[in-house]
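What follows is upload.txt (compact mmCIF, C-alpha atoms).
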```txt
# COMPACT_ATOMS: atom_id res chain seq x y z
CA MET W 125 78.09 -16.00 -123.42
CA ASP W 126 75.23 -16.64 -121.03
CA MET W 127 76.93 -19.34 -118.97
CA PRO W 128 79.80 -18.90 -116.50
CA ILE W 129 83.25 -19.36 -118.01
CA PRO W 130 86.55 -20.00 -116.21
CA GLN W 131 88.51 -16.92 -115.16
CA THR W 132 92.22 -17.40 -114.64
CA LYS W 133 94.18 -15.16 -112.31
CA LEU W 134 97.80 -14.42 -113.10
CA ALA W 135 99.92 -15.56 -110.15
CA ASP W 136 102.83 -13.51 -108.86
CA PRO W 137 106.15 -15.30 -109.48
CA LYS W 138 107.81 -16.72 -106.38
CA GLU W 139 111.17 -15.47 -105.17
CA CYS W 140 113.48 -18.45 -104.58
CA GLY W 141 116.84 -16.83 -103.86
CA HIS W 142 119.19 -14.20 -105.21
CA VAL W 143 122.34 -13.70 -107.24
CA THR W 144 125.09 -11.25 -106.35
CA LEU W 145 126.23 -8.70 -108.89
CA ILE W 146 129.76 -7.45 -108.22
CA ASP W 147 130.66 -4.03 -109.60
CA HIS W 148 134.47 -4.14 -109.57
CA ALA W 149 134.77 -0.64 -111.10
CA ASN W 150 133.05 0.97 -108.10
CA ASP W 151 133.85 -1.70 -105.50
CA LYS W 152 130.16 -2.41 -104.83
CA GLN W 153 127.91 -5.44 -104.90
CA TYR W 154 124.18 -5.84 -105.31
CA GLU W 155 121.72 -8.65 -104.69
CA LEU W 156 119.21 -9.41 -107.43
CA PRO W 157 116.14 -11.58 -106.70
CA VAL W 158 115.75 -14.91 -108.49
CA LEU W 159 112.18 -15.82 -109.48
CA GLU W 160 110.84 -19.33 -109.92
CA GLY W 161 108.15 -20.38 -112.37
CA SER W 162 106.18 -23.62 -112.38
CA GLU W 163 108.45 -25.02 -115.14
CA GLY W 164 111.47 -23.89 -117.09
CA PRO W 165 114.57 -21.96 -116.01
CA ASN W 166 114.50 -19.50 -113.13
CA VAL W 167 114.92 -15.82 -113.98
CA ILE W 168 116.88 -12.95 -112.46
CA ASP W 169 114.61 -10.02 -111.64
CA VAL W 170 116.31 -6.89 -113.02
CA GLN W 171 113.35 -4.51 -112.70
CA LYS W 172 115.20 -2.36 -110.15
CA LEU W 173 118.66 -2.81 -111.64
CA TYR W 174 118.93 0.67 -113.16
CA ARG W 175 117.48 2.37 -110.08
CA ASP W 176 119.90 0.61 -107.75
CA THR W 177 123.04 0.39 -109.88
CA GLY W 178 122.79 2.87 -112.76
CA TYR W 179 123.23 -0.01 -115.26
CA PHE W 180 120.92 -1.46 -117.93
CA THR W 181 121.16 -4.99 -119.26
CA TYR W 182 122.18 -5.43 -122.92
CA ASP W 183 120.33 -8.22 -124.75
CA PRO W 184 119.83 -7.74 -128.52
CA GLY W 185 116.71 -9.61 -129.60
CA TYR W 186 115.75 -10.15 -125.94
CA THR W 187 116.77 -13.80 -126.28
CA SER W 188 117.89 -13.95 -122.64
CA THR W 189 115.16 -11.70 -121.25
CA GLY W 190 111.79 -12.73 -119.82
CA SER W 191 109.44 -9.94 -120.88
CA CYS W 192 106.34 -11.08 -119.02
CA ASN W 193 104.74 -13.53 -116.61
CA SER W 194 102.49 -15.91 -118.56
CA GLN W 195 100.42 -19.03 -117.90
CA LEU W 196 99.58 -19.79 -121.55
CA THR W 197 102.29 -21.78 -123.30
CA PHE W 198 105.34 -23.70 -122.12
CA ILE W 199 108.17 -24.75 -124.42
CA ASP W 200 111.20 -26.88 -123.62
CA GLY W 201 113.26 -26.80 -126.79
CA GLU W 202 115.83 -29.31 -125.57
CA LYS W 203 113.20 -31.97 -124.91
CA GLY W 204 110.85 -31.07 -127.77
CA ILE W 205 107.95 -30.12 -125.46
CA LEU W 206 105.08 -27.76 -126.31
CA ARG W 207 102.12 -27.40 -123.94
CA HIS W 208 99.14 -25.06 -123.81
CA ARG W 209 97.84 -24.46 -120.25
CA GLY W 210 99.57 -27.72 -119.25
CA TYR W 211 98.11 -29.85 -122.06
CA ALA W 212 100.56 -31.52 -124.46
CA ILE W 213 100.23 -30.35 -128.05
CA GLU W 214 100.18 -34.01 -129.14
CA GLU W 215 96.99 -34.66 -127.17
CA LEU W 216 95.32 -31.43 -128.25
CA ALA W 217 96.04 -32.08 -131.92
CA GLU W 218 94.81 -35.65 -131.71
CA LYS W 219 91.78 -35.33 -129.44
CA SER W 220 90.64 -31.71 -129.73
CA ASP W 221 89.64 -29.19 -132.38
CA TYR W 222 90.72 -25.62 -133.00
CA LEU W 223 87.83 -23.87 -131.27
CA GLU W 224 88.33 -25.99 -128.15
CA VAL W 225 92.00 -24.95 -128.12
CA CYS W 226 90.90 -21.33 -128.56
CA PHE W 227 88.67 -21.65 -125.49
CA LEU W 228 91.52 -23.25 -123.53
CA LEU W 229 93.93 -20.44 -124.40
CA LEU W 230 91.39 -17.71 -123.65
CA TYR W 231 89.93 -19.06 -120.42
CA GLY W 232 92.51 -21.45 -118.96
CA GLU W 233 90.44 -24.64 -118.96
CA LEU W 234 89.07 -27.06 -121.50
CA PRO W 235 85.35 -26.32 -121.98
CA THR W 236 82.55 -28.50 -120.78
CA ALA W 237 80.23 -29.83 -123.49
CA ALA W 238 77.77 -27.00 -122.78
CA GLN W 239 80.52 -24.35 -122.79
CA LYS W 240 81.95 -25.69 -126.03
CA ALA W 241 78.55 -25.62 -127.73
CA GLU W 242 77.85 -22.07 -126.54
CA PHE W 243 81.34 -20.84 -127.48
CA GLY W 244 81.06 -22.44 -130.92
CA ARG W 245 77.65 -20.88 -131.43
CA GLU W 246 78.91 -17.40 -130.54
CA ILE W 247 81.95 -17.70 -132.78
CA THR W 248 79.77 -18.95 -135.63
CA TYR W 249 77.36 -16.03 -135.36
CA HIS W 250 80.21 -13.51 -135.47
CA THR W 251 81.78 -14.87 -138.68
CA MET W 252 80.07 -12.36 -140.96
CA VAL W 253 81.79 -9.02 -141.45
CA HIS W 254 80.31 -5.60 -142.04
CA GLU W 255 79.16 -5.29 -145.66
CA GLN W 256 81.10 -2.04 -146.08
CA LEU W 257 84.33 -4.01 -145.76
CA GLN W 258 83.75 -5.23 -149.30
CA TYR W 259 84.38 -1.68 -150.50
CA PHE W 260 87.49 -1.49 -148.35
CA TYR W 261 88.94 -4.43 -150.29
CA ARG W 262 88.36 -2.66 -153.58
CA GLY W 263 90.91 -0.03 -152.58
CA PHE W 264 93.69 -2.61 -152.94
CA ARG W 265 95.30 -3.72 -156.17
CA ARG W 266 94.34 -7.26 -157.17
CA ASP W 267 98.00 -8.29 -157.09
CA ALA W 268 98.64 -6.87 -153.60
CA HIS W 269 100.32 -9.31 -151.24
CA PRO W 270 97.62 -10.94 -149.07
CA MET W 271 99.50 -9.97 -145.90
CA ALA W 272 99.39 -6.31 -146.92
CA VAL W 273 95.63 -6.65 -147.30
CA MET W 274 95.27 -8.51 -143.98
CA VAL W 275 97.19 -5.84 -142.07
CA GLY W 276 94.82 -3.22 -143.50
CA VAL W 277 91.48 -4.97 -143.09
CA VAL W 278 92.16 -6.33 -139.59
CA GLY W 279 93.30 -2.91 -138.40
CA ALA W 280 90.19 -1.42 -140.00
CA LEU W 281 87.91 -3.64 -137.89
CA SER W 282 88.22 -1.07 -135.10
CA ALA W 283 86.40 1.39 -137.38
CA PHE W 284 83.58 -1.07 -138.06
CA TYR W 285 83.21 -2.50 -134.53
CA HIS W 286 84.07 0.51 -132.46
CA GLU W 287 81.94 -0.70 -129.54
CA SER W 288 84.51 -3.48 -128.97
CA THR W 289 87.51 -1.20 -128.53
CA ASP W 290 86.98 -0.24 -124.87
CA ILE W 291 89.69 -2.43 -123.33
CA HIS W 292 88.68 -1.49 -119.76
CA ASP W 293 85.23 -3.05 -120.13
CA LEU W 294 85.35 -6.82 -119.43
CA GLU W 295 82.34 -7.63 -121.62
CA LYS W 296 83.63 -5.56 -124.54
CA ARG W 297 87.02 -7.24 -124.26
CA ARG W 298 85.31 -10.62 -124.41
CA LEU W 299 83.29 -9.51 -127.44
CA ALA W 300 86.40 -8.28 -129.27
CA THR W 301 88.28 -11.53 -128.63
CA HIS W 302 85.41 -13.59 -130.02
CA GLN W 303 84.95 -11.26 -132.99
CA LEU W 304 88.60 -11.57 -133.97
CA ILE W 305 88.65 -15.36 -133.82
CA ALA W 306 85.35 -15.50 -135.73
CA LYS W 307 86.12 -12.99 -138.46
CA MET W 308 89.71 -13.90 -139.32
CA PRO W 309 88.72 -16.89 -141.53
CA THR W 310 86.19 -14.71 -143.35
CA LEU W 311 88.76 -11.96 -143.94
CA ALA W 312 91.44 -14.43 -145.06
CA ALA W 313 89.03 -16.10 -147.48
CA MET W 314 87.92 -12.70 -148.82
CA THR W 315 91.57 -11.75 -149.30
CA TYR W 316 92.14 -14.87 -151.40
CA LYS W 317 88.95 -14.42 -153.43
CA TYR W 318 89.79 -10.79 -154.14
CA SER W 319 93.27 -11.73 -155.41
CA ILE W 320 91.86 -14.14 -158.02
CA GLY W 321 88.86 -12.03 -159.01
CA GLN W 322 86.16 -14.36 -157.67
CA PRO W 323 83.11 -13.20 -155.70
CA PHE W 324 83.21 -13.22 -151.91
CA ILE W 325 81.49 -16.21 -150.34
CA TYR W 326 79.46 -15.62 -147.19
CA PRO W 327 80.07 -17.91 -144.20
CA ARG W 328 77.63 -20.70 -143.39
CA ASN W 329 76.36 -21.19 -139.85
CA ASP W 330 75.90 -24.93 -140.34
CA LEU W 331 79.61 -25.63 -140.90
CA PRO W 332 82.36 -26.12 -138.30
CA TYR W 333 85.15 -23.54 -138.14
CA SER W 334 87.77 -25.08 -140.46
CA GLU W 335 85.23 -26.48 -142.91
CA ASN W 336 83.59 -23.07 -143.10
CA PHE W 337 86.94 -21.49 -143.96
CA LEU W 338 87.61 -23.99 -146.76
CA TYR W 339 84.09 -23.44 -148.06
CA MET W 340 84.53 -19.65 -148.14
CA THR W 341 87.93 -20.05 -149.81
CA PHE W 342 87.31 -22.63 -152.50
CA SER W 343 83.60 -22.71 -153.26
CA VAL W 344 82.02 -20.80 -156.14
CA PRO W 345 78.36 -19.78 -156.58
CA SER W 346 77.97 -21.83 -159.76
CA GLU W 347 78.36 -25.28 -158.22
CA GLU W 348 78.02 -27.21 -154.97
CA TYR W 349 81.14 -27.40 -152.81
CA LYS W 350 81.81 -30.82 -151.32
CA ILE W 351 83.53 -30.93 -147.93
CA ASN W 352 86.52 -33.26 -147.89
CA PRO W 353 86.92 -34.52 -144.30
CA VAL W 354 90.64 -35.31 -144.78
CA LEU W 355 91.39 -31.76 -145.90
CA SER W 356 89.20 -30.11 -143.27
CA ARG W 357 90.82 -32.16 -140.50
CA ALA W 358 94.27 -31.24 -141.80
CA MET W 359 93.26 -27.57 -141.90
CA ASP W 360 91.98 -27.73 -138.32
CA ARG W 361 95.18 -29.42 -137.19
CA ILE W 362 97.32 -26.75 -138.87
CA PHE W 363 95.35 -24.08 -136.98
CA ILE W 364 95.86 -25.94 -133.69
CA LEU W 365 99.61 -26.34 -134.25
CA HIS W 366 99.99 -22.62 -134.97
CA ALA W 367 97.64 -21.37 -132.24
CA ASP W 368 100.36 -20.09 -129.87
CA HIS W 369 104.11 -20.41 -129.47
CA GLU W 370 105.11 -18.38 -126.42
CA GLN W 371 106.90 -15.01 -126.75
CA ASN W 372 107.97 -15.04 -130.40
CA ALA W 373 108.41 -11.88 -132.50
CA SER W 374 104.77 -11.40 -133.50
CA THR W 375 103.38 -12.26 -130.05
CA SER W 376 105.81 -9.85 -128.41
CA THR W 377 104.70 -7.25 -130.96
CA VAL W 378 101.05 -7.76 -129.97
CA ARG W 379 101.95 -7.40 -126.29
CA ILE W 380 104.07 -4.28 -126.72
CA ALA W 381 101.41 -2.65 -128.92
CA GLY W 382 98.77 -3.56 -126.34
CA SER W 383 100.87 -2.15 -123.51
CA SER W 384 100.14 1.34 -124.84
CA GLY W 385 96.39 0.76 -124.46
CA ALA W 386 95.82 0.24 -128.19
CA ASN W 387 92.59 -1.51 -129.15
CA PRO W 388 92.75 -5.27 -129.84
CA PHE W 389 92.15 -4.97 -133.58
CA ALA W 390 95.15 -2.65 -133.92
CA CYS W 391 97.27 -4.98 -131.78
CA ILE W 392 96.46 -8.03 -133.92
CA ALA W 393 97.16 -6.02 -137.08
CA ALA W 394 100.57 -5.21 -135.59
CA GLY W 395 101.13 -8.92 -134.96
CA ILE W 396 100.25 -9.70 -138.58
CA ALA W 397 102.76 -7.10 -139.77
CA SER W 398 105.47 -8.72 -137.64
CA LEU W 399 104.54 -12.22 -138.80
CA TRP W 400 104.88 -11.09 -142.42
CA GLY W 401 108.68 -11.06 -142.10
CA PRO W 402 110.35 -13.94 -143.98
CA ALA W 403 112.35 -14.91 -140.89
CA HIS W 404 109.10 -15.53 -139.00
CA GLY W 405 105.91 -16.41 -140.87
CA GLY W 406 107.38 -16.81 -144.34
CA ALA W 407 109.50 -19.88 -143.63
CA ASN W 408 107.05 -22.33 -145.22
CA GLN W 409 107.16 -20.33 -148.46
CA ALA W 410 110.96 -20.59 -148.35
CA VAL W 411 110.62 -24.39 -148.26
CA LEU W 412 108.87 -24.45 -151.63
CA ALA W 413 111.35 -21.95 -153.08
CA MET W 414 114.14 -24.33 -152.02
CA LEU W 415 112.37 -27.29 -153.61
CA ARG W 416 112.09 -25.39 -156.86
CA GLU W 417 115.81 -24.60 -156.67
CA ILE W 418 116.61 -28.30 -156.22
CA GLY W 419 114.35 -29.05 -159.17
CA SER W 420 114.44 -32.82 -159.40
CA LYS W 421 115.04 -35.93 -157.28
CA ASP W 422 118.36 -36.74 -158.90
CA ARG W 423 119.76 -33.40 -157.67
CA ILE W 424 118.92 -34.02 -154.01
CA PRO W 425 122.33 -35.58 -153.17
CA GLU W 426 124.02 -32.50 -154.61
CA PHE W 427 122.05 -30.17 -152.37
CA ILE W 428 122.43 -32.44 -149.35
CA LYS W 429 126.20 -32.20 -149.88
CA ARG W 430 125.97 -28.40 -150.17
CA ALA W 431 123.96 -28.20 -146.95
CA LYS W 432 126.76 -30.01 -145.12
CA ASP W 433 129.41 -27.60 -146.43
CA LYS W 434 129.87 -24.81 -143.88
CA ASP W 435 131.41 -22.60 -146.57
CA ASP W 436 128.37 -22.91 -148.84
CA PRO W 437 125.57 -20.39 -148.11
CA PHE W 438 122.90 -22.91 -149.15
CA ARG W 439 120.71 -24.17 -146.31
CA LEU W 440 117.97 -26.77 -146.26
CA MET W 441 114.89 -24.69 -145.43
CA GLY W 442 112.34 -26.32 -143.15
CA PHE W 443 114.92 -28.36 -141.23
CA GLY W 444 115.91 -27.64 -137.62
CA HIS W 445 114.43 -24.94 -135.39
CA ARG W 446 115.81 -22.03 -133.37
CA VAL W 447 113.96 -23.13 -130.22
CA TYR W 448 113.65 -26.90 -130.65
CA LYS W 449 116.96 -28.71 -130.37
CA ASN W 450 115.07 -31.95 -130.69
CA TYR W 451 112.26 -32.90 -133.07
CA ASP W 452 109.70 -30.08 -133.35
CA PRO W 453 106.64 -31.73 -131.73
CA ARG W 454 104.36 -29.88 -134.15
CA ALA W 455 106.23 -31.37 -137.11
CA ALA W 456 105.81 -34.90 -135.79
CA ILE W 457 102.04 -34.33 -135.66
CA LEU W 458 101.74 -32.53 -138.98
CA ARG W 459 103.81 -35.16 -140.79
CA GLU W 460 100.93 -37.60 -140.37
CA SER W 461 98.42 -35.09 -141.74
CA THR W 462 100.74 -34.21 -144.62
CA HIS W 463 100.90 -37.80 -145.79
CA GLU W 464 97.14 -38.21 -145.36
CA VAL W 465 96.56 -35.15 -147.56
CA LEU W 466 99.09 -36.29 -150.16
CA ASP W 467 97.46 -39.73 -150.27
CA GLU W 468 94.07 -38.05 -150.68
CA VAL W 469 94.99 -35.65 -153.49
CA GLY W 470 97.85 -37.65 -155.06
CA VAL W 471 101.28 -36.33 -155.98
CA LYS W 472 101.86 -37.94 -159.38
CA ASP W 473 101.11 -34.69 -161.19
CA GLU W 474 102.83 -32.53 -158.57
CA PRO W 475 106.60 -32.93 -159.03
CA LEU W 476 107.33 -30.43 -156.25
CA LEU W 477 105.40 -32.44 -153.66
CA ASP W 478 106.90 -35.70 -154.88
CA LEU W 479 110.34 -34.09 -154.54
CA ALA W 480 109.56 -32.95 -150.99
CA ILE W 481 108.68 -36.46 -149.85
CA GLU W 482 111.91 -37.83 -151.31
CA LEU W 483 113.95 -35.08 -149.63
CA GLU W 484 112.26 -35.85 -146.32
CA ARG W 485 113.10 -39.56 -146.67
CA ILE W 486 116.76 -38.96 -147.50
CA ALA W 487 117.31 -36.35 -144.77
CA LEU W 488 115.73 -38.51 -142.08
CA GLU W 489 118.10 -41.37 -142.99
CA ASP W 490 121.25 -39.24 -143.24
CA ASP W 491 123.56 -39.52 -140.20
CA TYR W 492 124.68 -35.88 -140.58
CA PHE W 493 121.15 -34.54 -140.05
CA VAL W 494 120.14 -37.14 -137.48
CA GLU W 495 123.22 -36.51 -135.30
CA ARG W 496 122.65 -32.75 -135.41
CA LYS W 497 118.91 -33.18 -134.89
CA LEU W 498 118.16 -31.23 -138.07
CA PHE W 499 114.75 -32.80 -138.47
CA PRO W 500 111.98 -31.44 -140.70
CA ASN W 501 110.11 -28.74 -138.79
CA VAL W 502 106.50 -27.57 -138.89
CA ASP W 503 107.24 -25.16 -141.75
CA PHE W 504 108.44 -28.00 -143.97
CA TYR W 505 105.22 -29.94 -143.55
CA SER W 506 102.80 -27.01 -143.50
CA GLY W 507 104.16 -25.66 -146.78
CA ILE W 508 103.79 -29.03 -148.49
CA THR W 509 100.32 -29.61 -147.02
CA LEU W 510 98.96 -26.20 -147.97
CA LYS W 511 100.38 -26.55 -151.48
CA ALA W 512 98.68 -29.93 -151.84
CA MET W 513 95.38 -28.46 -150.61
CA GLY W 514 95.45 -25.88 -153.38
CA PHE W 515 96.56 -22.73 -151.56
CA PRO W 516 98.92 -20.38 -153.42
CA GLU W 517 102.15 -19.68 -151.58
CA SER W 518 101.17 -16.06 -151.02
CA MET W 519 98.37 -17.32 -148.74
CA PHE W 520 100.61 -19.42 -146.48
CA THR W 521 101.44 -16.59 -144.06
CA PRO W 522 97.83 -15.31 -143.82
CA LEU W 523 96.84 -18.85 -142.82
CA PHE W 524 99.56 -18.80 -140.16
CA ALA W 525 98.08 -15.49 -138.93
CA LEU W 526 94.60 -17.01 -138.88
CA GLY W 527 95.67 -19.86 -136.62
CA ARG W 528 97.88 -17.66 -134.44
CA THR W 529 95.05 -15.19 -133.74
CA ALA W 530 93.88 -17.32 -130.81
CA GLY W 531 97.29 -17.11 -129.16
CA TRP W 532 97.74 -13.42 -129.92
CA ILE W 533 94.40 -12.47 -128.44
CA ALA W 534 94.91 -14.72 -125.40
CA GLN W 535 98.33 -13.13 -124.81
CA TRP W 536 96.81 -9.65 -125.18
CA LYS W 537 93.99 -10.56 -122.80
CA GLU W 538 96.45 -11.93 -120.24
CA MET W 539 98.59 -8.79 -120.48
CA ILE W 540 95.59 -6.52 -119.91
CA LYS W 541 94.79 -8.35 -116.66
CA ASP W 542 98.38 -8.39 -115.39
CA PRO W 543 98.60 -6.02 -112.39
CA HIS W 544 102.31 -5.50 -113.15
CA GLN W 545 101.69 -4.56 -116.77
CA ARG W 546 103.23 -1.30 -117.92
CA ILE W 547 103.93 0.28 -121.28
CA GLY W 548 106.80 -1.40 -123.10
CA ARG W 549 109.90 0.78 -123.12
CA PRO W 550 113.17 -1.02 -123.94
CA ARG W 551 116.38 0.87 -123.27
CA GLN W 552 119.50 1.06 -125.42
CA LEU W 553 123.28 1.10 -125.43
CA PHE W 554 124.00 4.42 -127.15
CA THR W 555 127.15 4.45 -129.30
CA GLY W 556 126.51 7.60 -131.35
CA PRO W 557 128.28 10.97 -131.13
CA THR W 558 128.34 12.95 -127.90
CA LEU W 559 127.35 16.63 -127.72
CA ARG W 560 128.55 18.63 -130.75
CA PRO W 561 128.26 22.37 -131.46
CA PHE W 562 125.92 23.37 -134.29
CA VAL W 563 127.80 24.67 -137.36
CA PRO W 564 126.03 27.22 -139.64
CA ILE W 565 125.56 25.88 -143.17
CA GLU W 566 127.90 28.43 -144.75
CA LYS W 567 130.77 27.20 -142.54
CA ARG W 568 130.32 23.48 -143.22
CA SER W 569 132.95 21.92 -145.45
```

Before we go any further, please render this structure as structure tokens.
Amino acid sequence: MDMPIPQTKLADPKECGHVTLIDHANDKQYELPVLEGSEGPNVIDVQKLYRDTGYFTYDPGYTSTGSCNSQLTFIDGEKGILRHRGYAIEELAEKSDYLEVCFLLLYGELPTAAQKAEFGREITYHTMVHEQLQYFYRGFRRDAHPMAVMVGVVGALSAFYHESTDIHDLEKRRLATHQLIAKMPTLAAMTYKYSIGQPFIYPRNDLPYSENFLYMTFSVPSEEYKINPVLSRAMDRIFILHADHEQNASTSTVRIAGSSGANPFACIAAGIASLWGPAHGGANQAVLAMLREIGSKDRIPEFIKRAKDKDDPFRLMGFGHRVYKNYDPRAAILRESTHEVLDEVGVKDEPLLDLAIELERIALEDDYFVERKLFPNVDFYSGITLKAMGFPESMFTPLFALGRTAGWIAQWKEMIKDPHQRIGRPRQLFTGPTLRPFVPIEKRS
């Protein structure tokens, strides 16, 4: 970009006190610093714990461990708060568009009109991919899972745009971040087209980001594609709502891959691989699988009853959230778009979508779910919306990856600039055998 852009500097966390660790076994005690962020709980700094005490912490899943210092996204699950760089997700989804949110995540500030125009122009002119990538696609089976294809083609970008892989060069880092955001819709659309045997559609420079993606996905050379503003706005909103979500599994994967000095294309491919897991990015597919299991409206009470039975393994997919103990703020926003899309396309001939709306109504009125705050989450609404827009379920997670690319690359970029950054190296609690003598094979029983 030719114009100056904001440059955020990662602040050192402030020490606000200490906690005392008492080692009764050795009759010793240690003081551990307590660090204070701008919001959220304080953290105990254990960086020197092993050096000073000989102990590691044990935290499977790292659910009680802060792995980094970040200024990107703040979540308060108890209050249902999600903010990017201090801006509420509700305002961003209502008043902004996806590329503006991308700029905010990357550079720390909302763009001026001139910055937004220049950023949009640069993203637009990077949407095409190297022509040789078409041959790369042909190496996959037509029935390959789209996420398998996305892991391969995104990782392969480093072979096609090798000049962008020097992570120590500020300008090349900037170029790589813009290339990834620009090319992900093209690659996702190509992945879909390849799976159904249709020709690849080149991007158009006259279309906004989300409209361009829908055009590349659903248009065919034999007829004119008409942009539906309701669907394109819903698509843009889905991208915004998935843009970043703090240190989840895939984001942590991107950071730990990047900590080794890996190039950004490889790091994002690693994030896609992590997102592929059904416990992470596949939740919206699970919603539709559940709806098919329920089958019809008259069976909803039966499944509601099963969901309340703690001895029944059945669970209502798309309700409640591991982080949000209140209403998922993204779900509240997407609910509006979901109903707009359903009104636009109609649900009379889509029993599954009609069933979903009835399930939503019943669950929101049921005291059991209301008292436990088991509200529909973003996966419930995104699955229904994408289904109504015509996407096959196999494409749901690639679309999640497309939207999340902005957050992944912003997290990677922030990590690269962190003066305290070091290669990720978790430790372990070893419970295997101690030293054993080697037994020659003829003496083994």

* Asked: CA of Glu484 (chain W) and CA of Gly401 (chain W) are how many Å apart?
  -> 25.4 Å

Residues of region 446-525 of chain W at most 8 Å from region 311-330 of chain W: nearest atom pair and distance in Å, only C-alpha atoms, as a tab-separated table:
```
residue	atom	partner	partner_atom	distance
W:Met519	CA	W:Tyr316	CA	7.2
W:Pro522	CA	W:Ala312	CA	6.6
W:Leu523	CA	W:Ala312	CA	7.3
```

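Ranking W:Gly263, W:Gly419, W:Pro332, W:Pro388 by their shortest atom-to-atom distance to Leu281 (chain W), with all atoms listed in the file included, puts W:Pro388 first.
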
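Note that the spacing between CA of Arg454 (chain W) and CA of Val502 (chain W) amounts to 5.7 Å.
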
* Skipping near chain neighbours, those fewer than 3 positions away, what residues fall within 6 Å of region 300-307 of chain W using all atoms listed in the file, listed as a VMD selection string? -> chain W and resid 247 250 to 251 288 297 310

* To do: Do a neighbour search on Asp368 (chain W) at 6 Å with all atoms listed in the file, toss out local chain neighbours closer than 2 positions, and write the hits as a ChimeraX atom specification.
  => /W:366,528,531

Could you save the residues just selected, with C-alpha atoms, as a JSON list (two decimals), in the coordinates of the input?
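Output (selection_7.json):
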```
[["chain", "number", "residue", "atom", "x", "y", "z"],
["W", 366, "HIS", "CA", 99.99, -22.62, -134.97],
["W", 528, "ARG", "CA", 97.88, -17.66, -134.44],
["W", 531, "GLY", "CA", 97.29, -17.11, -129.16]]
```

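A straight line drawn from CA of Ile213 (chain W) to CA of Leu365 (chain W) is 7.4 Å long.
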
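Restricting the calculation to all atoms listed in the file, the smallest distance between Ile457 (chain W) and any of W:Val278, W:Ile364, W:Ile418, W:Ile533 is found for W:Ile364.
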
* Counting all atoms listed in the file, what is within 9 Å of region 230-237 of chain W, bar same-chain residues fewer than 5 positions away, as an NGL selection string? -> :W and (129-132 or 195-196 or 208-209 or 224-225 or 242-243 or 301 or 530-531 or 533-535 or 537-538)

Write the residues of the preceding selection, restricted to C-alpha atoms, as an mmCIF file, keeping the file's coordinate frame.
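Contents of the output file part.cif:
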```cif
data_model
loop_
_atom_site.group_PDB
_atom_site.id
_atom_site.type_symbol
_atom_site.label_atom_id
_atom_site.label_comp_id
_atom_site.auth_asym_id
_atom_site.auth_seq_id
_atom_site.Cartn_x
_atom_site.Cartn_y
_atom_site.Cartn_z
ATOM 1 C CA ILE W 129 83.250 -19.360 -118.010
ATOM 2 C CA PRO W 130 86.550 -20.000 -116.210
ATOM 3 C CA GLN W 131 88.510 -16.920 -115.160
ATOM 4 C CA THR W 132 92.220 -17.400 -114.640
ATOM 5 C CA GLN W 195 100.420 -19.030 -117.900
ATOM 6 C CA LEU W 196 99.580 -19.790 -121.550
ATOM 7 C CA HIS W 208 99.140 -25.060 -123.810
ATOM 8 C CA ARG W 209 97.840 -24.460 -120.250
ATOM 9 C CA GLU W 224 88.330 -25.990 -128.150
ATOM 10 C CA VAL W 225 92.000 -24.950 -128.120
ATOM 11 C CA GLU W 242 77.850 -22.070 -126.540
ATOM 12 C CA PHE W 243 81.340 -20.840 -127.480
ATOM 13 C CA THR W 301 88.280 -11.530 -128.630
ATOM 14 C CA ALA W 530 93.880 -17.320 -130.810
ATOM 15 C CA GLY W 531 97.290 -17.110 -129.160
ATOM 16 C CA ILE W 533 94.400 -12.470 -128.440
ATOM 17 C CA ALA W 534 94.910 -14.720 -125.400
ATOM 18 C CA GLN W 535 98.330 -13.130 -124.810
ATOM 19 C CA LYS W 537 93.990 -10.560 -122.800
ATOM 20 C CA GLU W 538 96.450 -11.930 -120.240
#
```

* Could you give me, as an MDAnalysis selection string, the residues within 12 Å of Thr187 (chain W), counting all atoms listed in the file and dropping anything in the same chain fewer than 6 positions from it? => chainID W and resid 371:373 376 446:447

* Got a sec to check which residues sit within 6 Å of (108.2, -17.7, -106.7), counting all atoms listed in the file, and write them as a VMD selection string? -> chain W and resid 137 to 140 159 to 160

* Asked: Which of these, W:Leu476, W:Leu498, W:Val469, W:Leu559, has the shortest distance to Ala431 (chain W) once you count all atoms listed in the file?
  -> W:Leu498

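Minimum atom-to-atom distances from W:His445, W:Arg379, W:His463, W:His369 to Asp478 (chain W) were compared using all atoms listed in the file, and the lowest value belongs to W:His463.
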
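Using only C-alpha atoms, the nearest neighbour of Gly204 (chain W) within the list W:Phe260, W:Tyr448, W:Phe499, W:Tyr505 is W:Tyr448.
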
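The residue that comes closest to Cys192 (chain W), out of W:Glu163, W:Asp435, W:Asp136, W:Glu468 and on the basis of all atoms listed in the file, is W:Asp136.
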